[in-house]
>>> print(open('coords15.csv').read())   # CSV, C-alpha atoms
chain,number,residue,atom,x,y,z
A,19,MET,CA,40.6,-82.7,11.6
A,20,ILE,CA,43.4,-83.9,9.3
A,21,LEU,CA,46.3,-81.7,8.3
A,22,TYR,CA,47.5,-82.9,4.9
A,23,PRO,CA,51.1,-81.9,3.9
A,24,ALA,CA,51.3,-81.2,0.2
A,25,ILE,CA,53.8,-82.4,-2.4
A,26,ASP,CA,53.2,-80.8,-5.7
A,27,LEU,CA,55.3,-82.4,-8.5
A,28,LYS,CA,56.8,-80.5,-11.4
A,29,GLN,CA,59.5,-82.2,-13.5
A,30,GLY,CA,60.1,-84.7,-10.7
A,31,ARG,CA,60.7,-82.1,-8.0
A,32,CYS,CA,58.7,-80.7,-5.1
A,33,VAL,CA,57.5,-77.2,-6.0
A,34,ARG,CA,54.9,-74.7,-5.0
A,35,LEU,CA,53.2,-72.5,-7.5
A,36,VAL,CA,51.6,-69.1,-7.1
A,37,ARG,CA,47.9,-69.2,-8.0
A,38,GLY,CA,48.6,-72.2,-10.2
A,39,ASP,CA,51.0,-70.4,-12.5
A,40,MET,CA,53.5,-73.0,-13.8
A,41,ASN,CA,55.9,-70.1,-14.6
A,42,ARG,CA,56.0,-69.1,-10.9
A,43,ALA,CA,57.3,-72.3,-9.3
A,44,THR,CA,59.6,-72.4,-6.3
A,45,VAL,CA,61.5,-75.6,-5.9
A,46,PHE,CA,61.6,-76.8,-2.3
A,47,ASN,CA,63.1,-80.3,-2.7
A,48,ASP,CA,64.7,-82.2,-5.5
A,49,ASP,CA,63.9,-85.5,-3.8
A,50,PRO,CA,60.1,-86.0,-3.4
A,51,ALA,CA,60.5,-89.3,-1.6
A,52,ALA,CA,62.8,-87.8,1.0
A,53,GLN,CA,60.3,-85.0,1.5
A,54,ALA,CA,57.5,-87.5,2.0
A,55,ARG,CA,59.6,-89.4,4.6
A,56,ALA,CA,60.2,-86.2,6.4
A,57,PHE,CA,56.5,-85.4,6.6
A,58,GLU,CA,55.8,-88.9,7.9
A,59,ALA,CA,58.6,-88.6,10.5
A,60,ALA,CA,57.1,-85.3,11.6
A,61,GLY,CA,53.9,-87.1,12.6
A,62,PHE,CA,51.6,-86.4,9.6
A,63,THR,CA,49.1,-89.2,9.0
A,64,TYR,CA,48.0,-88.5,5.4
A,65,LEU,CA,49.9,-87.1,2.4
A,66,HIS,CA,48.4,-85.0,-0.4
A,67,MET,CA,50.1,-85.1,-3.8
A,68,VAL,CA,49.5,-83.3,-7.1
A,69,ASP,CA,51.0,-84.1,-10.5
A,70,LEU,CA,51.1,-80.6,-11.8
A,71,ASP,CA,52.5,-81.5,-15.2
A,72,GLY,CA,49.9,-84.2,-15.5
A,73,ALA,CA,47.1,-81.7,-14.7
A,74,PHE,CA,48.1,-79.8,-17.8
A,75,ALA,CA,48.9,-82.8,-20.0
A,76,GLY,CA,45.7,-84.7,-19.1
A,77,ARG,CA,47.7,-87.8,-18.3
A,78,PRO,CA,50.2,-88.9,-15.6
A,79,VAL,CA,53.6,-87.3,-16.1
A,80,ASN,CA,55.4,-87.6,-12.7
A,81,GLY,CA,54.6,-91.2,-12.2
A,82,GLU,CA,58.2,-92.2,-11.3
A,83,ALA,CA,58.3,-89.6,-8.5
A,84,VAL,CA,54.8,-90.7,-7.2
A,85,CYS,CA,55.9,-94.4,-7.2
A,86,ALA,CA,59.1,-93.4,-5.3
A,87,ILE,CA,57.0,-91.6,-2.7
A,88,LEU,CA,54.6,-94.6,-2.3
A,89,ASP,CA,57.6,-96.9,-1.8
A,90,ALA,CA,59.1,-94.5,0.8
A,91,ILE,CA,56.1,-94.0,3.2
A,92,SER,CA,53.7,-96.1,5.2
A,93,ILE,CA,51.0,-93.5,5.7
A,94,PRO,CA,48.1,-93.2,3.2
A,95,ALA,CA,48.4,-90.8,0.3
A,96,GLN,CA,46.1,-89.2,-2.2
A,97,LEU,CA,46.9,-87.9,-5.7
A,98,GLY,CA,45.4,-85.6,-8.2
A,99,GLY,CA,46.4,-84.3,-11.6
A,100,GLY,CA,46.1,-86.0,-15.0
A,101,ILE,CA,43.7,-88.8,-13.8
A,102,ARG,CA,41.1,-88.8,-16.6
A,103,ASP,CA,40.1,-92.4,-17.2
A,104,MET,CA,39.2,-95.6,-15.3
A,105,ALA,CA,42.4,-97.3,-16.3
A,106,THR,CA,44.5,-94.6,-14.6
A,107,VAL,CA,42.3,-94.7,-11.5
A,108,GLY,CA,42.7,-98.4,-11.3
A,109,PHE,CA,46.5,-98.3,-11.9
A,110,TRP,CA,47.1,-95.8,-9.1
A,111,LEU,CA,44.9,-97.5,-6.5
A,112,GLU,CA,46.5,-100.9,-7.3
A,113,ARG,CA,49.9,-99.2,-7.0
A,114,GLY,CA,49.1,-98.3,-3.4
A,115,LEU,CA,47.4,-94.9,-3.3
A,116,ALA,CA,44.7,-94.6,-0.7
A,117,ARG,CA,42.7,-92.2,-2.8
A,118,VAL,CA,42.6,-90.6,-6.3
A,119,ILE,CA,41.3,-87.1,-6.9
A,120,LEU,CA,39.3,-86.4,-10.0
A,121,GLY,CA,39.2,-82.7,-10.9
A,122,THR,CA,38.8,-81.9,-14.6
A,123,ALA,CA,37.0,-85.2,-15.0
A,124,ALA,CA,34.4,-84.2,-12.4
A,125,LEU,CA,33.2,-81.4,-14.7
A,126,ARG,CA,33.9,-83.0,-18.1
A,127,ASP,CA,33.1,-86.6,-17.4
A,128,PRO,CA,30.9,-87.0,-14.3
A,129,VAL,CA,30.0,-90.5,-15.4
A,130,LEU,CA,33.7,-91.5,-14.8
A,131,VAL,CA,33.5,-90.1,-11.2
A,132,ARG,CA,30.4,-92.1,-10.5
A,133,ASP,CA,31.7,-95.3,-12.1
A,134,ALA,CA,35.0,-95.0,-10.3
A,135,ALA,CA,33.4,-94.3,-6.9
A,136,ARG,CA,31.2,-97.4,-7.4
A,137,ALA,CA,34.1,-99.6,-8.5
A,138,PHE,CA,36.5,-98.3,-5.7
A,139,PRO,CA,34.4,-97.4,-2.6
A,140,GLY,CA,36.0,-94.8,-0.4
A,141,GLN,CA,38.9,-94.3,-2.7
A,142,VAL,CA,37.7,-91.6,-5.1
A,143,ALA,CA,37.6,-87.9,-4.2
A,144,VAL,CA,36.6,-84.9,-6.3
A,145,GLY,CA,38.8,-81.9,-6.7
A,146,ILE,CA,37.0,-78.6,-7.0
A,147,ASP,CA,39.3,-75.7,-7.8
A,148,ALA,CA,37.4,-72.4,-7.8
A,149,ARG,CA,38.1,-68.8,-8.6
A,150,ASP,CA,35.4,-66.5,-7.2
A,151,GLY,CA,33.2,-69.5,-6.7
A,152,ARG,CA,33.5,-70.7,-10.3
A,153,VAL,CA,35.1,-74.0,-11.1
A,154,ALA,CA,38.4,-74.0,-13.1
A,155,ILE,CA,39.8,-77.0,-14.9
A,156,GLU,CA,42.8,-78.2,-17.0
A,157,GLY,CA,45.3,-77.3,-14.4
A,158,TRP,CA,43.3,-74.1,-13.6
A,159,ALA,CA,44.0,-72.8,-17.2
A,160,GLU,CA,40.4,-72.9,-18.2
A,161,ALA,CA,37.4,-71.3,-16.3
A,162,SER,CA,33.8,-72.6,-16.4
A,163,ASP,CA,30.4,-71.2,-15.6
A,164,MET,CA,29.8,-73.9,-13.0
A,165,ARG,CA,29.6,-72.9,-9.3
A,166,ASP,CA,31.6,-74.9,-6.9
A,167,ILE,CA,28.6,-75.8,-4.7
A,168,GLU,CA,26.5,-76.8,-7.7
A,169,LEU,CA,29.3,-79.2,-8.8
A,170,ALA,CA,29.6,-80.7,-5.4
A,171,LYS,CA,25.9,-81.4,-5.1
A,172,ARG,CA,26.0,-83.3,-8.4
A,173,PHE,CA,27.9,-86.1,-6.6
A,174,GLU,CA,25.9,-86.2,-3.4
A,175,ASP,CA,24.6,-89.7,-4.2
A,176,ALA,CA,27.7,-91.0,-6.0
A,177,GLY,CA,29.7,-92.4,-3.0
A,178,VAL,CA,32.5,-89.8,-3.3
A,179,ALA,CA,34.9,-90.1,-0.4
A,180,ALA,CA,35.8,-86.4,-0.1
A,181,ILE,CA,35.9,-83.0,-1.9
A,182,VAL,CA,39.2,-81.1,-2.0
A,183,HIS,CA,38.2,-77.5,-2.4
A,184,THR,CA,40.9,-75.1,-3.5
A,185,ASP,CA,40.6,-71.3,-3.6
A,186,ILE,CA,42.9,-70.5,-6.6
A,187,ALA,CA,43.3,-66.9,-5.8
A,188,ARG,CA,44.8,-67.8,-2.4
A,189,ASP,CA,46.9,-70.8,-3.4
A,190,GLY,CA,50.6,-70.3,-2.8
A,191,VAL,CA,50.3,-66.7,-1.7
A,192,LEU,CA,50.0,-67.3,2.1
A,193,LYS,CA,47.0,-65.1,2.6
A,194,GLY,CA,45.0,-67.6,4.7
A,195,LEU,CA,42.4,-70.1,3.8
A,196,ASN,CA,39.1,-69.0,2.4
A,197,LEU,CA,37.2,-70.7,5.2
A,198,GLU,CA,34.0,-68.8,4.6
A,199,ALA,CA,33.6,-70.3,1.1
A,200,THR,CA,34.9,-73.7,2.1
A,201,ALA,CA,32.7,-73.9,5.2
A,202,ALA,CA,29.7,-72.9,3.1
A,203,LEU,CA,30.5,-75.7,0.7
A,204,ALA,CA,30.8,-78.2,3.6
A,205,GLU,CA,27.4,-77.1,4.9
A,206,ALA,CA,25.8,-77.6,1.4
A,207,THR,CA,26.9,-81.2,1.0
A,208,GLU,CA,27.2,-84.3,3.1
A,209,ILE,CA,30.5,-85.2,1.4
A,210,PRO,CA,33.5,-84.5,3.6
A,211,VAL,CA,35.3,-81.3,2.5
A,212,ILE,CA,39.0,-80.6,2.7
A,213,ALA,CA,40.2,-77.0,2.5
A,214,SER,CA,43.1,-76.0,0.3
A,215,GLY,CA,44.8,-72.8,-0.9
A,216,GLY,CA,46.4,-70.2,1.3
A,217,LEU,CA,47.0,-71.8,4.7
A,218,ALA,CA,49.7,-69.5,6.1
A,219,SER,CA,50.1,-69.6,9.8
A,220,MET,CA,49.3,-71.1,13.2
A,221,ALA,CA,46.4,-68.7,13.3
A,222,ASP,CA,44.9,-70.5,10.3
A,223,ILE,CA,45.3,-73.8,12.2
A,224,LYS,CA,43.4,-72.3,15.2
A,225,ALA,CA,40.7,-71.0,12.9
A,226,LEU,CA,40.0,-74.5,11.6
A,227,LEU,CA,38.9,-75.5,15.1
A,228,LYS,CA,36.2,-72.8,15.3
A,229,ALA,CA,32.7,-74.2,15.6
A,230,SER,CA,31.8,-72.8,12.2
A,231,ASN,CA,34.5,-74.9,10.6
A,232,ARG,CA,34.1,-78.1,12.5
A,233,LYS,CA,32.3,-79.8,9.6
A,234,LEU,CA,35.5,-79.7,7.6
A,235,ASN,CA,37.4,-82.9,7.2
A,236,GLY,CA,40.8,-81.1,7.2
A,237,ALA,CA,43.1,-78.8,5.4
A,238,ILE,CA,46.1,-79.0,3.0
A,239,SER,CA,49.3,-77.1,3.7
A,240,GLY,CA,52.1,-76.5,1.3
A,241,ARG,CA,54.3,-73.5,1.2
A,242,ALA,CA,53.8,-72.5,4.9
A,243,LEU,CA,55.2,-75.9,5.9
A,244,TYR,CA,58.2,-75.7,3.6
A,245,ASP,CA,59.3,-72.2,4.6
A,246,GLY,CA,58.7,-72.8,8.4
A,247,ARG,CA,55.7,-70.5,8.9
A,248,ILE,CA,53.9,-73.5,10.3
A,249,ASP,CA,55.6,-75.9,12.6
A,250,GLY,CA,54.2,-79.3,11.6
A,251,PRO,CA,54.4,-81.1,15.0
A,252,ALA,CA,53.0,-78.1,16.8
A,253,ALA,CA,50.1,-77.7,14.3
A,254,LEU,CA,49.3,-81.4,14.7
A,255,ALA,CA,49.3,-81.2,18.4
A,256,LEU,CA,47.0,-78.1,18.4
A,257,LEU,CA,44.5,-79.9,16.1
A,258,ALA,CA,44.6,-83.0,18.3
A,259,ARG,CA,43.9,-81.0,21.4
A,260,GLY,CA,41.2,-79.0,19.7
A,261,SER,CA,39.5,-82.1,18.4
A,262,GLU,CA,39.5,-83.7,21.9
A,263,GLU,CA,38.0,-80.5,23.4
A,264,GLY,CA,35.4,-80.3,20.7
A,265,GLY,CA,34.4,-83.9,21.3
A,266,ARG,CA,34.0,-83.3,25.1
A,267,ASN,CA,31.9,-80.2,24.4
A,268,ALA,CA,29.7,-81.8,21.8
>>> encode(input="coords15.csv", output="structure tokens")
Amino acid sequence: MILYPAIDLKQGRCVRLVRGDMNRATVFNDDPAAQARAFEAAGFTYLHMVDLDGAFAGRPVNGEAVCAILDAISIPAQLGGGIRDMATVGFWLERGLARVILGTAALRDPVLVRDAARAFPGQVAVGIDARDGRVAIEGWAEASDMRDIELAKRFEDAGVAAIVHTDIARDGVLKGLNLEATAALAEATEIPVIASGGLASMADIKALLKASNRKLNGAISGRALYDGRIDGPAALALLARGSEEGGRNA
């Protein structure tokens, strides 16, 4: 079970939004690279990044900040937002990203997802952002009629490395993960699923270790890490202990 600390980039700074609203952004750090180093120093083993401006623009916008982060850390990192063509996928993976996340492209251009997953095995994930189970795209500004589970199952045979499942209604509001919906998605697909949106407390960390959630690959935490509601090293230790106990009881 991996706990992914999140760095969401807006105008070159680390921010957190409320339900994806760009007008409701809280700046937590003006130096994303320093924030990334702090997460690595705290013991995190994988970093999650989102180019928020890029998600709306449909192209990379915070590239300078992403490159600075990659230069500052030795742990693997994944990035979503504004990645809509093969050239951008290739650029970021060659630049040092461990994994790119295709969100809008997964719905609008599924051929790109398949081609990218084939060209870069193990390095392409699908981002499924949902509101009441329906997929949203274009930085969550546009809703679709597609159900999250239906979209996930379309890529069962594509070689996708992971699915990042975000409950938009809970993102940034610290009301807890929607583990019921995310666990249902994980049960419906063989692709590893990462939970995102709403992780708020150590109680949520403990909930990840319940048997019903054991199929999840991990969870992403943002605001709760920044404001101290979750102690990073303590959360990592709890997950490590839980994983060990789960392995012994399996």
>>> residues_around(input="coords15.csv", residues="A:Arg55", least_positions_apart="6", cutoff="12 Å", atoms="all atoms listed in the file", output="MDAnalysis selection string")
chainID A and resid 23 25 49 61:65 86:93
>>> write_last_selection(input="coords15.csv", atoms="C-alpha atoms", output="compact mmCIF listing (two decimals), in the frame of the given file")
# COMPACT_ATOMS: atom_id res chain seq x y z
CA PRO A 23 51.10 -81.90 3.90
CA ILE A 25 53.80 -82.40 -2.40
CA ASP A 49 63.90 -85.50 -3.80
CA GLY A 61 53.90 -87.10 12.60
CA PHE A 62 51.60 -86.40 9.60
CA THR A 63 49.10 -89.20 9.00
CA TYR A 64 48.00 -88.50 5.40
CA LEU A 65 49.90 -87.10 2.40
CA ALA A 86 59.10 -93.40 -5.30
CA ILE A 87 57.00 -91.60 -2.70
CA LEU A 88 54.60 -94.60 -2.30
CA ASP A 89 57.60 -96.90 -1.80
CA ALA A 90 59.10 -94.50 0.80
CA ILE A 91 56.10 -94.00 3.20
CA SER A 92 53.70 -96.10 5.20
CA ILE A 93 51.00 -93.50 5.70
>>> residues_around(input="coords15.csv", residues="stretch 96-106 of chain A", least_positions_apart="4", cutoff="10 Å", atoms="only C-alpha atoms", output="PyMOL selection string")
chain A and resi 22+24-27+64-80+84+110-112+114-124+126-127+130-131+133-134+137+141-145+156-157+182
>>> closest_residue(input="coords15.csv", among="A:Ala221, A:Leu257, A:Ile186, A:Cys85", to="A:Leu35", atoms="all atoms listed in the file")
A:Ile186
>>> residues_around(input="coords15.csv", residues="A:Arg247", least_positions_apart="3", cutoff="7 Å", atoms="only C-alpha atoms", output="number ranges by chain")
A: 218-219, 242-243
>>> closest_residue(input="coords15.csv", among="A:Ala213, A:Ala154, A:Cys32, A:Ala258", to="A:Gln53", atoms="all atoms listed in the file")
A:Cys32
>>> atom_distance(input="coords15.csv", atom1="atom CA of A:Leu217", atom2="atom CA of A:Ser239")
5.9 Å
